[in-house]
Structure formats: structure tokens, C-alpha cells
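Enquirer: This is the structure I have questions about; it appears just below.
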Amino acid sequence: MRSMVDGPSASRAVASQVAKWLVDKGRPDDAVALLSAWAATGPNDTEGQQLLAEALRIDPSARVAQMAFERMEGITGSHVELDQAVTRFGEQELRQLEAEMRRPSFRRAQIGFNNNIRFRDRTFHVQTEDSGLNHPHVVTHLFADGGRIVKSHKRAYAEQVNRPDVAEYVRGLMKAQHLEMVLMLREGKFDRILDGGDAGGMDVLTAPPSVDLGKLASHRQERAEAKRAPEAPGAPPARPQPTSLAPKNGARVSYYRLHVLRSLFGGPERYEPQGREAVIGSEGAVSLDGDVFCHPREAKLTYRDGRLWLEDLGNGNGVFLRIRTPVELSYGDEFVVGDQLLRLDANPIADDGPDPDPTYFYSSPKWPSSFRVLQVLEGGGPGACVVARGNALQIGAAVGDLQFPDDRLVADQHCLIEEQAGTVVLSDMGSRTGVFLRIRGEQEITQGDELLVGRTRLVVDLRKTISSR
């Protein structure tokens, strides 16, 4: 147990850690009050000034932080709100919060998710809450028009309360149920309710959340199975092969074809590799002659057990797969919109704290932002960089936060990137040319999938053919 005999330094370090945890739990006001209380408790030194700077970064207009600054600088006045924060977040409460932060399991309700959504020129709000192990269920509400509940979903998890990983299980359930509500709204599942044709109300559900969210391979040897979807335009239909079809001696077997949809450098209309493995690049069967953006050994195709796998060999600019459904992104993931290479990045940590004097400074107001998107120019240099407004960022030629009006392959409203329940999701908004996400490692590809390698677009045709020499 720590005491004030050792001075406030150790407690201030814990206060900083606990405040970050409170922000992650969706409690920024408590974080500001705690930081302000401990900044004003003890000497006006570098440690205290750093705590106050953290509080001001979370909420530059927080009155309790302004009171802490006044007290630290010896300015007299009414500091009732600060005194309340000092009393509330004393040493005992700080120890309790620290213990809760480090506790691997939970008893009372976990902090839920709250997100706004822009959809069809309206703002909706999705809220997911947990009722805790004493009342084990998760509820998600969809709000419209500033407070009207459109729809509610409720799932019980009483049968799971004795799991050793119950905290992680419930967190995953909350996340999936939250995303389920978001995707159902965007897919038009609640249109009749919004138009007044159907009643909303609460649905008590027993099946797991239906979240049609893909996650492409992001690490070597990771195999995320692609979801089958209608074939892309230009792809010949797959034909079931007779079980008796087998190569004769001397025959050549092609297990798939790659039809060229777009090439800036000429070449054949399709590639039909022989055998079970083929390299994409000038050293392989899928040569993409003339495509200067394709490495001689860019990727490898492998046909095994009746399935086709694509592996990025990590040599060049990468291989991109057109997304069929909304997909989950991680920081550092790259994707292509039109002819633009873009990357999802985390927002940098603010470095606008006080200088050693100390001198505080303020900048233009910053809106809350969950992530940013960076344009990567030819040669790898950085281009335009746009931060999300809140939890969403839209890309297009005429509408959006990041616009490319001169790129003829970019639709007016092309795609949407949105953070919901701690997950960043990339969605194609019905564009003609699609959105391509870079794969890392190995990824299964299916009939009609479109690939982007260098500046060449290919479509997969899983038809096995046998020809004689």
C-alpha cells in the first residue's frame, strides 16, 4: 500500500495510467477530473504540469482543469468543482481504480460502446450495454432523431458466466452485437421502421450475432477464408467438373484462369497457368509483361485440395483483393481506391504539453478523431493526409473528407471507413470499380474474385481444363 509519506510522485504516475484506462472505457470526464485533482495535489512541478496537460488534451474546455491551473499558479477564486474532484479521487479511490484496471475478470457491468453514424443524411446513435454477471445480458439500442429508439437487440449469456475467460467473451459479444446493429442499418434492414411502416421494439435473440465482416490475411500463414459472392462482371461462370475428369499421360492441366480486366501495358487477354503453382511476375507463368509496378516475383498462386490460395511473397508493391463485404482494417493496412494507394494510420500522440518554463499554449480547436488516412505517392512518399471527423471518413470524387476529382476510376461517393466498437471497418459504397485491400501472407480466393497487381486487374475463373501436348 502506498502512502503520501513517499510523496505524490508514485500516485501521480498511477493517476496517469488510470486516466488512460478511463478514457479507453468511455469515461473521459472522470479521467479529466482525476488528472486535474492529482495535478493540483502536491507541488507545481513537471509531474503535476504533465498531468494537467493530459487533462487539457482530453478536454481543452474542462472547467475543473482550468481550476487546477489556477490553483497551481496561486490564483485565488472559487474552486468547488476541483475540491470535489480531489475528495472523490483521493488515494483510496485511486487504489481501487488501479485494482479494477488490473483485474482480469469482472463482476459489475463492463463499459459499453457508444457511436454516432451518418446514414442517408441523418445521424443515428448505437449504444451497447452490459448488465453485469448478476444480470447477464447485453442490450444494443439504435437511436434516431435525437433520442427515438428505432430498434433494440438483447442477448443473454447466463450459460457463459462460469467461463474462465468470461470477461473477454462478454467483450466480444458486445462488440459483435454492436457491429451487427450498424451493418443492419446500413443494409436497409430498418428502412420500414424508419418510414413508419413497421414497429420497432425489442428483439430477444438467442443466435450469435450475425456479423458479415471479413478479415483478410494479415500475417504469413494466416488463412482467412473468403466469403463466396456473386461473380464479378466479365467472369465466366464456374462449371462443375465431372468426377471422372483426370489428366491422361502427357496432358497439361489448368486448374484456373486469370482474365485481364485492365492493363496499362498490353499483354494477353488471359493467363492459364499449368500445374498447381504459378508465380505472378516476370519470372512466373503470370508474367504481366511490361507492368513496371509488378515485382518479378510478386506473389504465388497455389491450387490444393480443390481450393486456390494467393500468397504475397513480400518482394514488391503487394497484391490487392477486391472486397466483397465490409472488412476489418488494422493500422498500417493499405488499400486502393481508383488509382490511389491509401493507408490507415493511428492518429499521432499529442505532443502539445507545457515546455520546461512551464508555458502552456493553445492551438486551433481539434475535433475528436479515431484514425487518419494517408495517401501514398509513387515512390512511397506521403501525400494527402486526412483525419476522421469523429469516427468516420468518406472517400470519393465529389463527396467526402478525402476527394480525388481528377481520378476517373473514383466514384462520387466511393467508400466509407468507420470505427465502431473499437473496430475500423472499410465498406464499398456501391462503386463500379471497387475497393482493393492489400493482403499479407496467404489468402483463399474464389470464383469471380478480382485482383490488383501493379496496375493490372485480373478476375479469377476457377475452371479446370485439360489439354494435350
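We name chains A, B, ... following the order of the C-alpha cells; residues begin at 1 in each chain, and ligands are numbered from 1 as shown.
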Determine, counting only C-alpha atoms, which protein, DNA and RNA residues have an atom within 10 Å of an atom of Gly422 of chain A; residues of the same chain fewer than 4 positions away are not included. Present the result as a list in words.
Expert: Asp24, Phe113, Asn115, Lys175, Leu179, Ser370, Asn391 and Glu418 of chain A
Enquirer: Selection from above, C-alpha atoms, as a short mmCIF file (atom, residue, chain, number, x, y, z; two decimals), in the first residue's frame, can you write it?
Expert:
```
data_model
loop_
_atom_site.label_atom_id
_atom_site.label_comp_id
_atom_site.auth_asym_id
_atom_site.auth_seq_id
_atom_site.Cartn_x
_atom_site.Cartn_y
_atom_site.Cartn_z
CA ASP A 24 -10.48 3.69 -23.10
CA PHE A 113 -19.88 1.20 -26.74
CA ASN A 115 -21.06 5.60 -31.59
CA LYS A 175 -18.57 -5.81 -29.98
CA LEU A 179 -21.45 -4.10 -35.26
CA SER A 370 -10.48 7.89 -34.27
CA ASN A 391 -15.35 8.01 -36.05
CA GLU A 418 -15.79 3.86 -39.89
#
```
Enquirer: Excluding segment 150-158 of chain A and any residue of its chain fewer than 6 positions from it, enumerate the residues within 8 Å of it, using only C-alpha atoms, and give them as an NGL selection string.
Expert: :A and (133 or 136-144 or 170 or 177 or 190 or 193-194 or 200-206)
Enquirer: Convert the current residue selection to file output with N, CA and C atoms, as a compact mmCIF listing (two decimals), in the first residue's frame.
Expert:
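Generated file (result-v6.txt):
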```txt
# COMPACT_ATOMS: atom_id res chain seq x y z
N LEU A 133 -22.55 -9.63 -14.41
CA LEU A 133 -22.76 -11.05 -14.17
C LEU A 133 -23.98 -11.35 -13.32
N PRO A 136 -26.94 -11.25 -16.41
CA PRO A 136 -26.08 -11.43 -17.59
C PRO A 136 -26.79 -11.32 -18.93
N HIS A 137 -26.83 -10.13 -19.45
CA HIS A 137 -27.32 -9.92 -20.81
C HIS A 137 -26.73 -8.64 -21.38
N VAL A 138 -26.69 -8.59 -22.71
CA VAL A 138 -26.17 -7.44 -23.45
C VAL A 138 -27.31 -6.85 -24.27
N VAL A 139 -27.45 -5.53 -24.21
CA VAL A 139 -28.53 -4.84 -24.93
C VAL A 139 -27.91 -3.78 -25.84
N THR A 140 -28.39 -3.74 -27.08
CA THR A 140 -27.97 -2.73 -28.04
C THR A 140 -29.19 -1.95 -28.51
N HIS A 141 -29.11 -0.62 -28.45
CA HIS A 141 -30.20 0.26 -28.90
C HIS A 141 -29.73 1.06 -30.12
N LEU A 142 -30.63 1.23 -31.07
CA LEU A 142 -30.41 2.12 -32.21
C LEU A 142 -31.33 3.33 -32.03
N PHE A 143 -30.71 4.52 -31.93
CA PHE A 143 -31.47 5.75 -31.73
C PHE A 143 -31.48 6.58 -33.01
N ALA A 144 -32.58 7.29 -33.22
CA ALA A 144 -32.70 8.23 -34.34
C ALA A 144 -33.38 9.49 -33.85
N VAL A 170 -17.62 -11.74 -23.01
CA VAL A 170 -18.68 -10.72 -23.00
C VAL A 170 -18.24 -9.51 -23.83
N GLN A 177 -22.37 -7.66 -31.34
CA GLN A 177 -23.77 -7.21 -31.36
C GLN A 177 -23.86 -5.75 -31.79
N PHE A 190 -33.77 -1.74 -41.45
CA PHE A 190 -34.69 -0.98 -40.62
C PHE A 190 -35.42 0.11 -41.41
N ILE A 193 -39.13 0.50 -40.63
CA ILE A 193 -39.35 1.10 -39.31
C ILE A 193 -39.13 2.60 -39.38
N LEU A 194 -38.06 3.02 -40.06
CA LEU A 194 -37.76 4.44 -40.17
C LEU A 194 -38.83 5.18 -40.96
N GLY A 200 -40.87 -0.85 -34.20
CA GLY A 200 -39.53 -1.26 -33.81
C GLY A 200 -39.57 -2.26 -32.68
N GLY A 201 -39.24 -1.81 -31.49
CA GLY A 201 -39.33 -2.68 -30.33
C GLY A 201 -38.05 -3.46 -30.05
N MET A 202 -38.15 -4.33 -29.04
CA MET A 202 -37.03 -5.13 -28.56
C MET A 202 -37.12 -6.54 -29.12
N ASP A 203 -36.02 -7.03 -29.69
CA ASP A 203 -35.90 -8.42 -30.12
C ASP A 203 -34.99 -9.14 -29.14
N VAL A 204 -35.49 -10.21 -28.53
CA VAL A 204 -34.68 -11.05 -27.65
C VAL A 204 -34.12 -12.17 -28.52
N LEU A 205 -32.82 -12.18 -28.70
CA LEU A 205 -32.17 -13.07 -29.66
C LEU A 205 -31.39 -14.16 -28.93
N THR A 206 -31.38 -15.35 -29.53
CA THR A 206 -30.63 -16.47 -28.96
C THR A 206 -29.46 -16.89 -29.85
```
Enquirer: Would you list, as an MDAnalysis selection string, the residues of segment 69-203 of chain A that end up in helix (DSSP H, G or I) under DSSP run on this structure's backbone?
Expert: chainID A and resid 69:72 80:88 91:102 158:160 166:186 191:194
Enquirer: Extract, using only C-alpha atoms, all DNA, RNA and protein residues at most 10 Å from segment 72-84 of chain A, discarding same-chain residues fewer than 3 positions from it, and format them as a PDB file with C-alpha atoms, in the first residue's frame.
Expert:
```pdb
ATOM      1  CA  ALA A  33     -11.337  15.145 -13.057  1.00  0.00           C
ATOM      2  CA  LEU A  34      -8.799  12.587 -11.774  1.00  0.00           C
ATOM      3  CA  SER A  36      -6.843  17.656 -12.508  1.00  0.00           C
ATOM      4  CA  ALA A  37      -7.159  16.511  -8.881  1.00  0.00           C
ATOM      5  CA  ALA A  39      -2.138  17.800 -10.781  1.00  0.00           C
ATOM      6  CA  ALA A  40      -3.305  20.154  -8.022  1.00  0.00           C
ATOM      7  CA  THR A  41      -2.281  17.728  -5.255  1.00  0.00           C
ATOM      8  CA  GLY A  42       1.356  18.248  -4.429  1.00  0.00           C
ATOM      9  CA  PRO A  43       3.951  20.673  -5.768  1.00  0.00           C
ATOM     10  CA  ASN A  44       3.600  22.612  -9.006  1.00  0.00           C
ATOM     11  CA  ASP A  45       6.381  20.678 -10.698  1.00  0.00           C
ATOM     12  CA  GLY A  48       1.888  17.980 -11.979  1.00  0.00           C
ATOM     13  CA  GLN A  49       2.145  20.053 -15.150  1.00  0.00           C
ATOM     14  CA  LEU A  52      -2.691  18.932 -16.272  1.00  0.00           C
ATOM     15  CA  ARG A  63     -13.612  23.830 -16.104  1.00  0.00           C
ATOM     16  CA  VAL A  64     -12.044  21.538 -13.490  1.00  0.00           C
ATOM     17  CA  ALA A  65      -8.742  21.590 -15.414  1.00  0.00           C
ATOM     18  CA  GLN A  66      -8.831  25.388 -15.572  1.00  0.00           C
ATOM     19  CA  MET A  67      -9.382  25.460 -11.802  1.00  0.00           C
ATOM     20  CA  ALA A  68      -6.399  23.144 -11.319  1.00  0.00           C
ATOM     21  CA  PHE A  69      -4.240  25.514 -13.367  1.00  0.00           C
ATOM     22  CA  THR A  87     -12.159  14.457  -2.460  1.00  0.00           C
ATOM     23  CA  ARG A  88     -13.596  11.909  -4.897  1.00  0.00           C
ATOM     24  CA  PHE A  89     -10.309  10.736  -6.397  1.00  0.00           C
TER      25      PHE A  89
END
```
Enquirer: Hey, which of A:Trp38, A:Tyr331, A:Phe436, A:Tyr256 ends up closest to Val424 of chain A? Count only C-alpha atoms.
Expert: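 For Val424 of chain A, the nearest of the candidates is A:Tyr331.
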Enquirer: For Phe265 of chain A, please output as a ChimeraX atom specification all residues within 9 Å (counting only C-alpha atoms; exclusion window: fewer than 6 positions along the same chain).
Expert: /A:288-292,455-456
Enquirer: Which one of A:Pro405, A:Pro273, A:Gly332, A:Gly380 sits closest to Leu462 of chain A if you count only C-alpha atoms?
Expert: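 Ranking A:Pro405, A:Pro273, A:Gly332, A:Gly380 by distance to Leu462 of chain A, first place goes to A:Pro273.
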Enquirer: Quick one: residues within 10 Å of segment 334-348 of chain A, only C-alpha atoms counted, chain neighbours fewer than 3 positions away excluded, as a tab-separated table (two decimals) with C-alpha atoms, in the first residue's frame?
Expert:
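For reference, part-v5.tsv as written:
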```tsv
chain	number	residue	atom	x	y	z
A	318	GLY	CA	1.92	-6.09	-52.85
A	319	VAL	CA	-1.19	-7.87	-54.08
A	320	PHE	CA	-4.65	-6.41	-53.53
A	321	LEU	CA	-8.02	-8.21	-53.39
A	322	ARG	CA	-11.32	-6.50	-54.17
A	323	ILE	CA	-13.52	-6.56	-51.08
A	329	LEU	CA	-8.86	-2.92	-41.00
A	330	SER	CA	-5.78	-2.71	-38.82
A	331	TYR	CA	-3.44	0.25	-38.57
A	351	ASP	CA	2.87	16.48	-28.01
A	369	SER	CA	-10.88	11.68	-34.31
A	370	SER	CA	-10.48	7.89	-34.27
A	371	PHE	CA	-7.91	7.47	-37.08
A	372	ARG	CA	-6.42	9.05	-40.19
A	373	VAL	CA	-5.89	8.03	-43.84
A	374	LEU	CA	-2.65	8.78	-45.68
A	375	GLN	CA	-2.17	8.86	-49.44
A	376	VAL	CA	0.99	7.02	-50.55
A	377	LEU	CA	2.57	8.53	-53.67
A	378	GLU	CA	4.56	6.75	-56.36
A	380	GLY	CA	6.48	5.63	-51.33
A	382	PRO	CA	3.47	10.66	-48.25
A	383	GLY	CA	0.72	12.60	-49.99
A	384	ALA	CA	-2.53	13.98	-48.63
A	385	CYS	CA	-3.41	13.10	-45.03
A	387	VAL	CA	-8.09	12.69	-40.07
A	388	ALA	CA	-11.53	11.27	-39.44
A	395	ILE	CA	-13.68	8.97	-49.79
A	396	GLY	CA	-14.98	9.96	-53.22
A	397	ALA	CA	-14.54	12.10	-56.30
A	404	PHE	CA	-9.97	12.75	-55.86
A	407	ASP	CA	-9.34	10.22	-60.88
A	408	ARG	CA	-11.88	8.81	-63.36
A	409	LEU	CA	-11.97	5.48	-61.50
A	410	VAL	CA	-13.20	7.06	-58.27
A	411	ALA	CA	-16.98	7.30	-57.84
A	414	HIS	CA	-16.77	5.63	-53.29
A	415	CYS	CA	-16.12	4.11	-49.87
A	417	ILE	CA	-14.14	3.96	-43.28
A	424	VAL	CA	-12.26	0.04	-38.00
A	426	LEU	CA	-13.89	-0.43	-44.66
A	428	ASP	CA	-17.51	-0.10	-50.57
A	431	SER	CA	-18.73	1.86	-56.58
A	432	ARG	CA	-18.28	0.50	-60.12
A	433	THR	CA	-14.52	0.00	-59.87
A	434	GLY	CA	-14.41	-1.33	-56.32
A	435	VAL	CA	-12.04	-1.10	-53.37
A	436	PHE	CA	-8.95	-3.33	-53.18
A	437	LEU	CA	-7.30	-4.28	-49.88
A	438	ARG	CA	-3.70	-5.46	-49.67
A	439	ILE	CA	-3.27	-8.99	-48.37
A	452	LEU	CA	-4.92	-5.89	-58.46
A	455	ARG	CA	-1.55	-1.59	-62.39
```
Enquirer: For atom CA of Leu94 of chain A and atom CA of Pro8 of chain A, determine how far apart the two atoms are, in Å to one decimal place.
Expert: 12.0 Å
Enquirer: Which distance in Å separates atom CA of Asp305 of chain A and atom CA of Val327 of chain A, to one decimal?
Expert: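 If I compute the distance from atom CA of Asp305 of chain A to atom CA of Val327 of chain A, I get 26.1 Å.
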Enquirer: If you run DSSP over the backbone, which residues in segment 359-433 of chain A end up strand (DSSP E)? Put them as a PyMOL selection string.
Expert: chain A and resi 372-376+382-387+392-396+402-403+415-420+423-428
Enquirer: For the selection you just gave me, I'd like the residues written to a file as a PDB file, in the first residue's frame, keeping N, CA and C atoms.
Expert:
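Saved the output as out_6.pdb:
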```
ATOM      1  N   ARG A 372      -6.675   8.196 -39.032  1.00  0.00           N
ATOM      2  CA  ARG A 372      -6.419   9.048 -40.189  1.00  0.00           C
ATOM      3  C   ARG A 372      -6.071   8.167 -41.388  1.00  0.00           C
ATOM      4  N   VAL A 373      -6.208   8.729 -42.587  1.00  0.00           N
ATOM      5  CA  VAL A 373      -5.894   8.035 -43.836  1.00  0.00           C
ATOM      6  C   VAL A 373      -4.839   8.840 -44.572  1.00  0.00           C
ATOM      7  N   LEU A 374      -3.775   8.138 -44.998  1.00  0.00           N
ATOM      8  CA  LEU A 374      -2.645   8.776 -45.677  1.00  0.00           C
ATOM      9  C   LEU A 374      -2.568   8.285 -47.113  1.00  0.00           C
ATOM     10  N   GLN A 375      -2.420   9.210 -48.046  1.00  0.00           N
ATOM     11  CA  GLN A 375      -2.172   8.861 -49.442  1.00  0.00           C
ATOM     12  C   GLN A 375      -0.691   8.553 -49.628  1.00  0.00           C
ATOM     13  N   VAL A 376      -0.394   7.419 -50.282  1.00  0.00           N
ATOM     14  CA  VAL A 376       0.986   7.022 -50.548  1.00  0.00           C
ATOM     15  C   VAL A 376       1.276   7.287 -52.020  1.00  0.00           C
ATOM     16  N   PRO A 382       4.805  10.322 -48.737  1.00  0.00           N
ATOM     17  CA  PRO A 382       3.468  10.662 -48.247  1.00  0.00           C
ATOM     18  C   PRO A 382       2.807  11.736 -49.095  1.00  0.00           C
ATOM     19  N   GLY A 383       1.504  11.595 -49.281  1.00  0.00           N
ATOM     20  CA  GLY A 383       0.718  12.601 -49.988  1.00  0.00           C
ATOM     21  C   GLY A 383      -0.262  13.268 -49.043  1.00  0.00           C
ATOM     22  N   ALA A 384      -1.506  13.367 -49.465  1.00  0.00           N
ATOM     23  CA  ALA A 384      -2.530  13.984 -48.632  1.00  0.00           C
ATOM     24  C   ALA A 384      -2.774  13.139 -47.386  1.00  0.00           C
ATOM     25  N   CYS A 385      -3.093  13.788 -46.285  1.00  0.00           N
ATOM     26  CA  CYS A 385      -3.405  13.104 -45.033  1.00  0.00           C
ATOM     27  C   CYS A 385      -4.645  13.754 -44.432  1.00  0.00           C
ATOM     28  N   VAL A 386      -5.652  12.934 -44.131  1.00  0.00           N
ATOM     29  CA  VAL A 386      -6.919  13.445 -43.609  1.00  0.00           C
ATOM     30  C   VAL A 386      -7.280  12.659 -42.356  1.00  0.00           C
ATOM     31  N   VAL A 387      -7.642  13.363 -41.293  1.00  0.00           N
ATOM     32  CA  VAL A 387      -8.087  12.694 -40.074  1.00  0.00           C
ATOM     33  C   VAL A 387      -9.602  12.560 -40.105  1.00  0.00           C
ATOM     34  N   ALA A 392     -15.658   8.538 -38.439  1.00  0.00           N
ATOM     35  CA  ALA A 392     -15.925   8.160 -39.827  1.00  0.00           C
ATOM     36  C   ALA A 392     -15.149   9.048 -40.787  1.00  0.00           C
ATOM     37  N   LEU A 393     -14.815   8.464 -41.953  1.00  0.00           N
ATOM     38  CA  LEU A 393     -14.144   9.196 -43.013  1.00  0.00           C
ATOM     39  C   LEU A 393     -14.624   8.640 -44.347  1.00  0.00           C
ATOM     40  N   GLN A 394     -15.110   9.509 -45.215  1.00  0.00           N
ATOM     41  CA  GLN A 394     -15.642   9.086 -46.512  1.00  0.00           C
ATOM     42  C   GLN A 394     -14.706   9.545 -47.626  1.00  0.00           C
ATOM     43  N   ILE A 395     -14.561   8.689 -48.651  1.00  0.00           N
ATOM     44  CA  ILE A 395     -13.684   8.971 -49.786  1.00  0.00           C
ATOM     45  C   ILE A 395     -14.502   8.959 -51.066  1.00  0.00           C
ATOM     46  N   GLY A 396     -14.259   9.912 -51.952  1.00  0.00           N
ATOM     47  CA  GLY A 396     -14.982   9.958 -53.217  1.00  0.00           C
ATOM     48  C   GLY A 396     -14.382  10.990 -54.155  1.00  0.00           C
ATOM     49  N   LEU A 402     -12.001  12.988 -48.063  1.00  0.00           N
ATOM     50  CA  LEU A 402     -10.825  12.873 -48.926  1.00  0.00           C
ATOM     51  C   LEU A 402     -11.323  12.693 -50.354  1.00  0.00           C
ATOM     52  N   GLN A 403     -11.083  13.686 -51.216  1.00  0.00           N
ATOM     53  CA  GLN A 403     -11.650  13.694 -52.572  1.00  0.00           C
ATOM     54  C   GLN A 403     -10.553  13.621 -53.629  1.00  0.00           C
ATOM     55  N   CYS A 415     -16.222   5.058 -50.992  1.00  0.00           N
ATOM     56  CA  CYS A 415     -16.122   4.112 -49.875  1.00  0.00           C
ATOM     57  C   CYS A 415     -16.175   4.869 -48.555  1.00  0.00           C
ATOM     58  N   LEU A 416     -16.384   4.100 -47.506  1.00  0.00           N
ATOM     59  CA  LEU A 416     -16.517   4.651 -46.154  1.00  0.00           C
ATOM     60  C   LEU A 416     -15.631   3.864 -45.203  1.00  0.00           C
ATOM     61  N   ILE A 417     -14.906   4.577 -44.354  1.00  0.00           N
ATOM     62  CA  ILE A 417     -14.138   3.963 -43.282  1.00  0.00           C
ATOM     63  C   ILE A 417     -14.733   4.447 -41.970  1.00  0.00           C
ATOM     64  N   GLU A 418     -15.034   3.514 -41.091  1.00  0.00           N
ATOM     65  CA  GLU A 418     -15.786   3.860 -39.888  1.00  0.00           C
ATOM     66  C   GLU A 418     -15.303   3.024 -38.715  1.00  0.00           C
ATOM     67  N   GLU A 419     -15.095   3.682 -37.584  1.00  0.00           N
ATOM     68  CA  GLU A 419     -14.737   2.968 -36.356  1.00  0.00           C
ATOM     69  C   GLU A 419     -15.991   2.751 -35.538  1.00  0.00           C
ATOM     70  N   GLN A 420     -16.284   1.488 -35.249  1.00  0.00           N
ATOM     71  CA  GLN A 420     -17.425   1.133 -34.431  1.00  0.00           C
ATOM     72  C   GLN A 420     -16.992   0.063 -33.437  1.00  0.00           C
ATOM     73  N   THR A 423     -13.525  -1.269 -33.599  1.00  0.00           N
ATOM     74  CA  THR A 423     -13.118  -1.916 -34.842  1.00  0.00           C
ATOM     75  C   THR A 423     -13.254  -0.930 -35.994  1.00  0.00           C
ATOM     76  N   VAL A 424     -12.211  -0.829 -36.825  1.00  0.00           N
ATOM     77  CA  VAL A 424     -12.262   0.040 -38.003  1.00  0.00           C
ATOM     78  C   VAL A 424     -12.703  -0.806 -39.193  1.00  0.00           C
ATOM     79  N   VAL A 425     -13.767  -0.369 -39.865  1.00  0.00           N
ATOM     80  CA  VAL A 425     -14.402  -1.144 -40.938  1.00  0.00           C
ATOM     81  C   VAL A 425     -14.342  -0.350 -42.240  1.00  0.00           C
ATOM     82  N   LEU A 426     -13.930  -1.009 -43.320  1.00  0.00           N
ATOM     83  CA  LEU A 426     -13.887  -0.426 -44.660  1.00  0.00           C
ATOM     84  C   LEU A 426     -15.043  -0.987 -45.474  1.00  0.00           C
ATOM     85  N   SER A 427     -15.877  -0.110 -46.053  1.00  0.00           N
ATOM     86  CA  SER A 427     -17.042  -0.528 -46.830  1.00  0.00           C
ATOM     87  C   SER A 427     -17.041   0.153 -48.190  1.00  0.00           C
ATOM     88  N   ASP A 428     -17.299  -0.634 -49.231  1.00  0.00           N
ATOM     89  CA  ASP A 428     -17.509  -0.098 -50.571  1.00  0.00           C
ATOM     90  C   ASP A 428     -18.942   0.426 -50.652  1.00  0.00           C
TER      91      ASP A 428
END
```
